[in-house]
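Peer 1: Structure in structure tokens, see below.
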Amino acid sequence: MENRPLEYDYTVAKMFLFTTMLFGFIGMLLGVVLALQMAWPEFNTILGDTMAEYINFSRIRPIHTSGVIFGFTLSGIFAGWYYIGQRVLKVSMAESKFLMIVGKLHFWIYFLAILLAVVSLFAGYSQSNEYSELEWPLDIVVVVFWVLWGLSIAGLVGIRREKALYISIWYFMAAFLAVAMLFIMNNIVIPTYFVSGAGSIMHGVSAYAGTNGAMVQWWFGHNAVGFVLTVPLVGMIYYFLPKESGQAIYSYKLSLLSFWALMFVYVWAGGHHLLYSTVPDWMQTMGSIFSVILILPSWGSAINMLLTMKGEWKQVASNPVIKFMVLSSTFYMFATIEGPIQAIKSVNAIAHFTEWIVGHVHDGALGWVGFIIMAALYHMAPRIFKREIYSKALMNTQFWMQTLGVILYFTSMWIAGITQGMMWRAADEFGNLAYSFIDSVDALHVYYIIRAVGGILYLAGFIIFIYNIIKTMSARPVEERDLQNATPMAA
Amino acid sequence: MFGLTLGEFQAYGYFALTTFAVVMLYGYIYHLYSSEKKGTKDYEKYSNMALHDEITDELVEKKEEDSKTEDSKQDRET
């Protein structure tokens, strides 16, 4: 045993790999249920009147968003961290018993937190802040696993062999620090049961009221998009695309510049969620301006990724993992030009509260986030299990099904959103509204059906993905030398 | 404050902050390229940390103060 060469230890990465699939499936399934409910409201009561309380749209919606953001995406990020962290720092988890215990504890407390989140949200406990619905006792559990993640990052960085920190590590560290600050600030509540004996033991009253509460909420909310759904995933693609393709990053200097620019700009952009609200006008303008500037660092990274493939575009055709990642960075560019356009005040006058926003979120979430996480798992699985990918054909099938699903989703929501926005504003020559609200609902029915079809295609692709990864665990074994760059896969 | 209205104060502050941010950004770009030209730092070599990331691979940059680095390659191979 003592003479065995040191190897990377993927125990914790493997645990998070499984939860990525589990929570991804639950979150996306609920997304499809919600889409069906929007198209056919009867789905709200499909399990009878007694169960309607638990499966109606408003009860399921936060479970869908929390499930895909904090279940699927965070699991993917943590799997990525416990894989990439070791490799680019050139240190193994097996070298530190302490870090291994921290890693496993991180996983189990995280798993417990997400399970309790699902149960409590189904039971109706919610503090009614978007993406921040969990009540204060659960927030404390979240803080515990987040601190454990921080310990793991600090620990691995502390015992590293490489002097410099690879760009991905910077992104992981930024995600850790920013979310720690945002989460705690937005969840400061007074648990009145303990202070004055009033109210539920589960509930706390927010430290912020009215407009202030809205500002803190969207400072958090937008940066949840920034520092959960963007920053760590940019860190992941900066590792997985060069590694899988065998190509050095097109410009490492551009990756550094984009990192600092993204850090500076992102935190100011949340005000665009509150355009035309009671928030001071200058703050709305600042939110708009910073959102537009945000194009630069976002495209800096995305273009850097696409140019990394310069001269090697044939790999996009031959390697489905590269295909997923190239489409992912393309959707990243797409979502990060669409967001700033929606944040321009005059455009927002039409886009606000419409389905166009939902379309924007999903071309980012399904196209960028989903694709990069699945590509990362496809790259990691053969290295974790020392086996080739079970089926390349299934990967290609999944790719085209899901791509079609995303396209159906965002195109239908674009048309639906702009239709809604125009109908709500339409007036006759005397200033009377031309349409009632229900007219706009009627006009959208067909688009809701198309969106549900898109969602079903994406979910079906995800089921193929889970099947492919599970079958990979017992596929043909491969040697270490076959795992250098392009992922080995059976036809 | 300083005989300015709040609006004027905000405007000057905004201008100063924007100027500062622009100077910092271009200064950083200048630093990245000039240090590479002067040969003090080659940022592009750090890409190799992803490409050559086996635990037995040569380190891209050794931790200077870390004496274990020299020994660690042996440790990793035995």
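Every chain in the structure tokens has a letter given in the order shown (A, B, ...), and although residue numbers restart at 1 in each chain, ligands are simply numbered from 1 in the order shown.
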Within 7 Å of chain A, which residues of chain B come that close, and what is the closest atom pair and distance in Å for each? Count only C-alpha atoms and give it as a tab-separated table.

Peer 2:
```
residue	atom	partner	partner_atom	distance
B:Leu32	CA	A:Lys253	CA	6.6
B:Tyr43	CA	A:Lys253	CA	6.3
B:Glu44	CA	A:Tyr252	CA	5.2
B:Tyr46	CA	A:Tyr166	CA	6.7
B:Ser47	CA	A:Ala248	CA	5.5
B:Asn48	CA	A:Ala248	CA	6.8
B:Met49	CA	A:Val88	CA	5.5
B:Ala50	CA	A:Val88	CA	5.9
B:Leu51	CA	A:Lys243	CA	5.4
B:Asp53	CA	A:Arg87	CA	5.3
B:Glu54	CA	A:Arg87	CA	6.6
B:Ile55	CA	A:Lys90	CA	5.3
B:Leu59	CA	A:Glu162	CA	6.0
B:Val60	CA	A:Glu162	CA	6.7
B:Glu61	CA	A:Lys163	CA	5.5
B:Lys62	CA	A:Lys163	CA	5.3
B:Lys63	CA	A:Lys163	CA	4.4
B:Thr69	CA	A:Arg161	CA	6.3
B:Arg76	CA	A:Leu6	CA	5.0
B:Glu77	CA	A:Pro5	CA	5.2
B:Thr78	CA	A:Pro5	CA	5.1
```

Peer 1: Deliver the residues from the most recent selection as a file, using N, CA and C atoms, as a compact mmCIF listing (two decimals), in the first residue's frame.

Peer 2:
```txt
# COMPACT_ATOMS: atom_id res chain seq x y z
N LEU B 32 -0.54 43.58 -18.01
CA LEU B 32 -0.53 42.20 -18.54
C LEU B 32 0.41 42.09 -19.74
N TYR B 43 2.10 35.18 -18.78
CA TYR B 43 0.78 34.74 -18.30
C TYR B 43 0.25 33.55 -19.09
N GLU B 44 0.61 33.46 -20.37
CA GLU B 44 0.02 32.41 -21.20
C GLU B 44 0.44 31.01 -20.76
N TYR B 46 0.27 29.76 -17.96
CA TYR B 46 -0.62 29.20 -16.94
C TYR B 46 -1.72 28.31 -17.54
N SER B 47 -1.96 28.46 -18.85
CA SER B 47 -2.92 27.57 -19.52
C SER B 47 -2.51 26.12 -19.35
N ASN B 48 -1.19 25.91 -19.22
CA ASN B 48 -0.69 24.53 -19.11
C ASN B 48 -1.12 23.85 -17.82
N MET B 49 -1.59 24.64 -16.85
CA MET B 49 -2.03 24.01 -15.60
C MET B 49 -3.23 23.09 -15.84
N ALA B 50 -4.05 23.42 -16.87
CA ALA B 50 -5.17 22.55 -17.19
C ALA B 50 -4.72 21.41 -18.09
N LEU B 51 -3.82 21.71 -19.03
CA LEU B 51 -3.44 20.70 -20.01
C LEU B 51 -2.52 19.63 -19.42
N ASP B 53 -2.14 18.30 -16.11
CA ASP B 53 -2.64 18.33 -14.74
C ASP B 53 -2.60 16.98 -14.04
N GLU B 54 -1.81 16.04 -14.61
CA GLU B 54 -1.63 14.78 -13.87
C GLU B 54 -0.80 15.08 -12.64
N ILE B 55 -0.99 14.30 -11.59
CA ILE B 55 -0.29 14.62 -10.35
C ILE B 55 1.22 14.42 -10.50
N LEU B 59 5.51 20.70 -12.60
CA LEU B 59 4.76 21.87 -12.13
C LEU B 59 5.00 23.04 -13.08
N VAL B 60 3.95 23.83 -13.31
CA VAL B 60 4.10 25.00 -14.17
C VAL B 60 4.93 26.05 -13.44
N GLU B 61 4.68 26.21 -12.15
CA GLU B 61 5.45 27.15 -11.35
C GLU B 61 5.53 26.59 -9.94
N LYS B 62 6.76 26.43 -9.44
CA LYS B 62 6.91 25.84 -8.10
C LYS B 62 6.62 26.87 -7.02
N LYS B 63 6.10 26.38 -5.90
CA LYS B 63 5.95 27.26 -4.74
C LYS B 63 7.35 27.44 -4.15
N THR B 69 8.15 20.82 -2.25
CA THR B 69 7.94 20.69 -3.68
C THR B 69 8.98 19.78 -4.33
N ARG B 76 5.17 11.62 -5.06
CA ARG B 76 4.05 11.32 -5.95
C ARG B 76 4.33 10.12 -6.83
N GLU B 77 5.62 9.88 -7.09
CA GLU B 77 5.94 8.78 -7.99
C GLU B 77 6.17 7.46 -7.27
N THR B 78 6.39 7.54 -5.96
CA THR B 78 6.65 6.28 -5.24
C THR B 78 5.37 5.71 -4.65
```

Peer 1: What residues in segment 169-317 of chain A get the DSSP label strand (DSSP E)? Please answer as a list in words.

Peer 2: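 Of segment 169-317 of chain A, only Val189, Ile190, Val205 and Ser206 of chain A fall in strand (DSSP E).
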
Peer 1: Quick one: residues within 10 Å of Trp108 of chain A, only C-alpha atoms counted, chain neighbours fewer than 6 positions away excluded, as a CSV table (one decimal) with N, CA and C atoms, in the first residue's frame?

Peer 2:
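Final output, saved to around_31.csv:
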```csv
chain,number,residue,atom,x,y,z
A,15,MET,N,-19.8,11.6,-5.4
A,15,MET,CA,-21.1,11.8,-4.6
A,15,MET,C,-21.9,13.0,-5.2
A,16,PHE,N,-21.2,14.1,-5.5
A,16,PHE,CA,-21.9,15.2,-6.1
A,16,PHE,C,-22.4,14.9,-7.5
A,114,ILE,N,-30.9,20.2,1.0
A,114,ILE,CA,-31.7,20.2,-0.2
A,114,ILE,C,-33.0,19.3,0.1
A,145,PHE,N,-23.1,24.3,5.3
A,145,PHE,CA,-22.4,23.6,4.2
A,145,PHE,C,-21.6,24.5,3.3
```

Peer 1: Would you list the contacts of Gly421 of chain A as a PyMOL selection string, taking every protein, DNA or RNA residue within 12 Å and counting only C-alpha atoms, but skipping same-chain residues closer than 2 positions in sequence?

Peer 2: chain A and resi 346-357+413-419+423-426+435+437+440-441+443-444
